[in-house]
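J.: Mind looking over this structure? Questions follow.
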Amino acid sequence: MMVHNFNPVFIDLGFFQIKWYSIAYILGIILGWLYAIKIIKNDKCTDKTIKPSEFDDLIIYLIIGIILGGRLGYIVLYNFGYYSQNILEIFKVWHGGMSFHGGLIGVIVATYFFSKIKKVNFLKFTDIVACVTPIGLFLGRIANFINGELYGKASSMPWAIIFPETGNFGRHPSQIYEALLEGVVLFILINFFALKKKLLLKTGYVSAIFLILYSILRTFSEIFREPDQHIGYIYSYISMGMFLSVVTFLTGIFIIFFIKKNEQNN
């Protein structure tokens, strides 16, 4: 079995550090941005409602939404008791503690306000964001692996990883599972529907499918992942990640139902 001995710090100058987690966020945003512009310029798959320059302007809103939403989501959903007693720790983002579902809410809120300013249906923006989000998810999960966090349950599989800080036994590399499922598989599936099936021409469907597929893949990967120690399981076997994924799954179903109802009325 492989022993995890990766250094979470990419560059260490003593007085200043750059961590792999930061690199993952920055690279994810840049690659997602570039790919989004490429999609928008694809005349066969988009209705040209969104201009590349408008998505450029949206990026700053997305960054704020990701950081604030991800941080506040983690605090409220995963560790409110600790942070309510240690207020200053809330601002120490470099210590870790980000939630995808919180970041998702942050992105939705930020995109909603931006769409109001631009007077464009905000689902048109979220459809594009949905296509590129798996890029950031992949890089983020790889960074989780390098950090040795969000590790999996005990395992005797040949590819099991020993995380020394958790004991001298193998564990599922759940971070890698999630990188492959939420990153690679989700990217292929969501872009197949968006570009090959041209669902970007039908506003809202890509956003809904993203929520549904992500929820399914996240729930499956949670089977192999050790639950947060300070939370444990809800009702003995449901993790917080599973519970939140049920919410996003139902939200995706609701969006499709809402779209179809409007199509019938029109």
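Within each chain, counting starts at residue 1; across the structure tokens, chains are named A, B, ... in the order shown, with ligands numbered 1 upward in that order.
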Leaving out region 174-181 of chain A and any residue of its chain fewer than 6 positions from it, which residues lie within 7 Å of it when counting only C-alpha atoms, given as an MDAnalysis selection string?

T.: chainID A and resid 137:138 141:142 144:145 150:152 217 221 224:225

J.: Any chance you can output those residues with N, CA and C atoms as a CSV table (one decimal), in the first residue's frame?

T.:
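Printed below is out-v7.csv as written:
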chain,number,residue,atom,x,y,z
A,137,LEU,N,-14.1,21.1,-9.6
A,137,LEU,CA,-14.3,20.0,-8.6
A,137,LEU,C,-13.1,19.0,-8.7
A,138,PHE,N,-12.7,18.7,-9.9
A,138,PHE,CA,-11.6,17.8,-10.1
A,138,PHE,C,-10.3,18.3,-9.4
A,141,ARG,N,-10.6,18.3,-5.5
A,141,ARG,CA,-10.5,16.9,-4.9
A,141,ARG,C,-9.1,16.4,-4.9
A,142,ILE,N,-8.4,16.8,-6.0
A,142,ILE,CA,-6.9,16.4,-6.0
A,142,ILE,C,-6.2,17.1,-4.9
A,144,ASN,N,-7.5,18.1,-2.1
A,144,ASN,CA,-8.0,17.4,-0.9
A,144,ASN,C,-7.1,16.2,-0.6
A,145,PHE,N,-6.8,15.4,-1.7
A,145,PHE,CA,-5.9,14.3,-1.5
A,145,PHE,C,-4.5,14.6,-1.1
A,150,LEU,N,-10.4,14.6,4.1
A,150,LEU,CA,-11.6,14.0,3.5
A,150,LEU,C,-11.3,12.6,3.0
A,151,TYR,N,-10.5,11.9,3.8
A,151,TYR,CA,-10.0,10.5,3.5
A,151,TYR,C,-11.2,9.5,3.6
A,152,GLY,N,-10.9,8.3,3.0
A,152,GLY,CA,-12.0,7.3,3.0
A,152,GLY,C,-12.0,6.4,4.2
A,217,LEU,N,-23.6,11.2,-8.1
A,217,LEU,CA,-22.2,10.8,-8.0
A,217,LEU,C,-21.6,11.1,-6.7
A,221,SER,N,-20.1,8.4,-4.0
A,221,SER,CA,-18.7,8.5,-3.4
A,221,SER,C,-18.7,8.6,-1.9
A,224,PHE,N,-17.8,5.6,0.4
A,224,PHE,CA,-16.5,5.2,0.7
A,224,PHE,C,-15.7,6.2,1.6
A,225,ARG,N,-16.4,7.3,1.8
A,225,ARG,CA,-15.7,8.4,2.5
A,225,ARG,C,-16.0,8.4,4.0

J.: Just the residues within 12 Å of Phe258 (chain A), please, counting only C-alpha atoms, with nothing from its chain fewer than 6 positions along; format it as an MDAnalysis selection string.

T.: chainID A and resid 203:205 208 251:252 264:265

J.: Could you save those same residues with N, CA and C atoms as a compact mmCIF listing (two decimals), in the first residue's frame?

T.:
# COMPACT_ATOMS: atom_id res chain seq x y z
N THR A 203 -33.05 26.76 -22.11
CA THR A 203 -32.61 27.37 -20.86
C THR A 203 -33.01 26.60 -19.61
N GLY A 204 -32.02 26.32 -18.77
CA GLY A 204 -32.26 25.74 -17.46
C GLY A 204 -32.04 24.25 -17.36
N TYR A 205 -32.13 23.54 -18.47
CA TYR A 205 -32.01 22.08 -18.43
C TYR A 205 -30.61 21.63 -17.99
N ALA A 208 -30.19 22.00 -14.27
CA ALA A 208 -30.95 20.96 -13.57
C ALA A 208 -30.25 19.61 -13.65
N THR A 251 -33.85 19.69 -5.99
CA THR A 251 -33.86 21.01 -6.62
C THR A 251 -33.76 20.88 -8.14
N GLY A 252 -32.90 19.97 -8.60
CA GLY A 252 -32.77 19.73 -10.04
C GLY A 252 -34.07 19.21 -10.65
N GLN A 264 -45.42 24.16 -21.36
CA GLN A 264 -46.80 23.77 -21.65
C GLN A 264 -47.73 24.98 -21.67
N ASN A 265 -47.46 25.90 -20.74
CA ASN A 265 -48.30 27.11 -20.66
C ASN A 265 -48.08 28.03 -21.86

J.: Select from region 22-109 of chain A every residue with an atom at most 10 Å from any atom of region 182-200 of chain A, then for each give the shortest pair of atoms and their distance in Å to one decimal, using only C-alpha atoms, rows by chain and rising number, as a tab-separated table.

T.:
residue	atom	partner	partner_atom	distance
A:Ile39	CA	A:Leu195	CA	8.3
A:Ile40	CA	A:Leu200	CA	9.8
A:Asn42	CA	A:Leu195	CA	9.1
A:Lys44	CA	A:Lys198	CA	7.9
A:Cys45	CA	A:Lys198	CA	5.2
A:Thr46	CA	A:Leu200	CA	5.8
A:Asp47	CA	A:Leu200	CA	8.0

J.: Pick the closest to Gly136 (chain A) from A:Tyr78, A:Phe55, A:Phe254, A:Phe100: which is it, counting only C-alpha atoms?

T.: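 Smallest distance to Gly136 (chain A) is found for A:Phe100.
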
J.: Looking only at the backbone, which of the residues in region 20-262 of chain A does DSSP tag as strand (DSSP E or B), as a CSV table (one decimal) with C-alpha atoms, in the first residue's frame?

T.:
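Result file follows (states_38.csv):
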chain,number,residue,atom,x,y,z
A,152,GLY,CA,-12.0,7.3,3.0
A,154,ALA,CA,-10.7,1.5,6.0
A,161,ILE,CA,-3.7,4.6,0.9
A,162,ILE,CA,-2.2,4.8,4.4
A,170,GLY,CA,-5.1,1.5,4.4
A,171,ARG,CA,-8.1,3.6,3.5
A,225,ARG,CA,-15.7,8.4,2.5
A,234,ILE,CA,-27.4,11.2,10.4
A,238,ILE,CA,-26.5,9.1,6.1

J.: Which residues come within 10 Å of His101 (chain A), counting only C-alpha atoms, excluding same-chain residues fewer than 2 positions away, as a list in words?

T.: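 Final neighbour list, sorted by chain and number: Ile66, Gly69, Gly70, Gly73, Tyr74, Leu77, Met98, Ser99, Gly103, Leu104, Ile105, Gly106, Val107, Gly241, Leu244, Ser245, Val247 and Thr248 of chain A.
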
J.: So that I can check the surroundings of region 108-110 of chain A, please list as a PyMOL selection string every protein, DNA and RNA residue that reaches within 12 Å of it, counting only C-alpha atoms and ignoring chain neighbours fewer than 3 positions away.

T.: chain A and resi 57-70+101-105+113-117+122-127+129-130+207

J.: For N, CA and C atoms, I'd like the residues from the last selection saved as a short mmCIF file (atom, residue, chain, number, x, y, z; two decimals), in the first residue's frame.

T.:
data_model
loop_
_atom_site.label_atom_id
_atom_site.label_comp_id
_atom_site.auth_asym_id
_atom_site.auth_seq_id
_atom_site.Cartn_x
_atom_site.Cartn_y
_atom_site.Cartn_z
N ASP A 57 -17.18 39.67 -17.02
CA ASP A 57 -17.62 40.49 -15.89
C ASP A 57 -18.19 39.64 -14.76
N LEU A 58 -18.77 38.50 -15.12
CA LEU A 58 -19.39 37.62 -14.13
C LEU A 58 -18.35 36.95 -13.23
N ILE A 59 -17.14 36.76 -13.73
CA ILE A 59 -16.12 36.02 -13.01
C ILE A 59 -15.89 36.54 -11.60
N ILE A 60 -15.79 37.84 -11.42
CA ILE A 60 -15.52 38.40 -10.10
C ILE A 60 -16.67 38.08 -9.14
N TYR A 61 -17.89 38.08 -9.66
CA TYR A 61 -19.05 37.72 -8.85
C TYR A 61 -18.96 36.25 -8.44
N LEU A 62 -18.55 35.40 -9.38
CA LEU A 62 -18.43 33.98 -9.10
C LEU A 62 -17.36 33.71 -8.04
N ILE A 63 -16.24 34.40 -8.15
CA ILE A 63 -15.16 34.22 -7.17
C ILE A 63 -15.64 34.58 -5.77
N ILE A 64 -16.33 35.70 -5.66
CA ILE A 64 -16.87 36.12 -4.36
C ILE A 64 -17.88 35.10 -3.85
N GLY A 65 -18.74 34.62 -4.75
CA GLY A 65 -19.76 33.65 -4.37
C GLY A 65 -19.14 32.34 -3.90
N ILE A 66 -18.11 31.88 -4.60
CA ILE A 66 -17.44 30.63 -4.25
C ILE A 66 -16.80 30.73 -2.87
N ILE A 67 -16.06 31.81 -2.64
CA ILE A 67 -15.32 31.96 -1.38
C ILE A 67 -16.26 32.20 -0.20
N LEU A 68 -17.14 33.18 -0.33
CA LEU A 68 -18.05 33.48 0.78
C LEU A 68 -19.04 32.33 1.01
N GLY A 69 -19.62 31.83 -0.07
CA GLY A 69 -20.58 30.74 0.06
C GLY A 69 -19.94 29.47 0.59
N GLY A 70 -18.77 29.13 0.04
CA GLY A 70 -18.08 27.93 0.48
C GLY A 70 -17.69 28.00 1.95
N HIS A 101 -21.52 22.62 -1.30
CA HIS A 101 -22.92 23.03 -1.34
C HIS A 101 -23.08 24.50 -0.93
N GLY A 102 -22.23 24.95 -0.01
CA GLY A 102 -22.24 26.36 0.35
C GLY A 102 -21.76 27.22 -0.79
N GLY A 103 -20.68 26.75 -1.45
CA GLY A 103 -20.18 27.47 -2.62
C GLY A 103 -21.20 27.51 -3.73
N LEU A 104 -21.96 26.42 -3.87
CA LEU A 104 -23.01 26.36 -4.89
C LEU A 104 -24.06 27.43 -4.64
N ILE A 105 -24.47 27.55 -3.39
CA ILE A 105 -25.45 28.59 -3.03
C ILE A 105 -24.88 29.97 -3.30
N PHE A 113 -27.86 38.00 -8.88
CA PHE A 113 -27.74 39.46 -8.83
C PHE A 113 -27.09 40.00 -10.10
N PHE A 114 -26.08 39.28 -10.61
CA PHE A 114 -25.42 39.72 -11.84
C PHE A 114 -26.40 39.70 -13.01
N SER A 115 -27.22 38.65 -13.08
CA SER A 115 -28.19 38.53 -14.18
C SER A 115 -29.22 39.64 -14.13
N LYS A 116 -29.56 40.09 -12.93
CA LYS A 116 -30.49 41.21 -12.79
C LYS A 116 -29.89 42.50 -13.34
N ILE A 117 -28.60 42.65 -13.09
CA ILE A 117 -27.90 43.84 -13.59
C ILE A 117 -27.85 43.83 -15.12
N PHE A 122 -31.09 34.35 -15.49
CA PHE A 122 -29.91 33.87 -14.77
C PHE A 122 -29.63 32.39 -15.01
N LEU A 123 -30.62 31.62 -15.45
CA LEU A 123 -30.40 30.21 -15.77
C LEU A 123 -29.51 30.05 -17.00
N LYS A 124 -29.49 31.05 -17.86
CA LYS A 124 -28.60 30.99 -19.03
C LYS A 124 -27.14 31.06 -18.56
N PHE A 125 -26.90 31.86 -17.52
CA PHE A 125 -25.55 31.94 -16.97
C PHE A 125 -25.20 30.66 -16.22
N THR A 126 -26.14 30.16 -15.40
CA THR A 126 -25.85 28.96 -14.61
C THR A 126 -25.66 27.73 -15.51
N ASP A 127 -26.30 27.72 -16.67
CA ASP A 127 -26.10 26.61 -17.61
C ASP A 127 -24.64 26.56 -18.06
N VAL A 129 -22.07 27.93 -16.41
CA VAL A 129 -21.27 27.63 -15.21
C VAL A 129 -21.30 26.13 -14.92
N ALA A 130 -22.45 25.50 -15.13
CA ALA A 130 -22.59 24.06 -14.88
C ALA A 130 -21.64 23.25 -15.76
N SER A 207 -28.47 23.22 -16.10
CA SER A 207 -28.33 23.48 -14.66
C SER A 207 -29.00 22.37 -13.85
#

J.: Check region 30-94 of chain A with DSSP on the backbone and list each residue it calls alpha helix (DSSP H), as a PyMOL selection string.

T.: chain A and resi 30-40+52-78+80-85

J.: So which one's closest to Ala24 (chain A), A:His230, A:Ile135, A:Ile256, A:Ile90? Using only C-alpha atoms, please.

T.: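 Going through A:His230, A:Ile135, A:Ile256, A:Ile90 one by one, the smallest distance to Ala24 (chain A) is for A:Ile135.
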
J.: Using only C-alpha atoms, which protein or nucleic acid residues come within 7 Å of Gly32 (chain A)? Drop anything in the same chain fewer than 4 positions from it, and give the result as an MDAnalysis selection string.

T.: chainID A and resid 28 36 132:133 135

J.: Write a file of the just-selected residues containing C-alpha atoms, as a PDB file, in the first residue's frame.

T.:
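To be explicit, this is the file written out as again-v7.pdb:
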ATOM      1  CA  GLY A  28      -9.912  25.843 -11.687  1.00  0.00           C
ATOM      2  CA  ALA A  36     -16.824  28.937 -20.736  1.00  0.00           C
ATOM      3  CA  VAL A 132     -17.267  24.199 -16.421  1.00  0.00           C
ATOM      4  CA  THR A 133     -17.758  23.498 -12.711  1.00  0.00           C
ATOM      5  CA  ILE A 135     -13.036  21.310 -13.784  1.00  0.00           C
TER       6      ILE A 135
END

J.: Tell me which of A:Ile223, A:Ile11, A:Ile253, A:Ile87 sits closest to Leu211 (chain A), counting only C-alpha atoms.

T.: A:Ile253

J.: Counting only C-alpha atoms, which of A:Met242, A:Asn86, A:Phe210, A:Asp228 gets nearest to Ile255 (chain A)?

T.: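 Nearest to Ile255 (chain A): A:Phe210.
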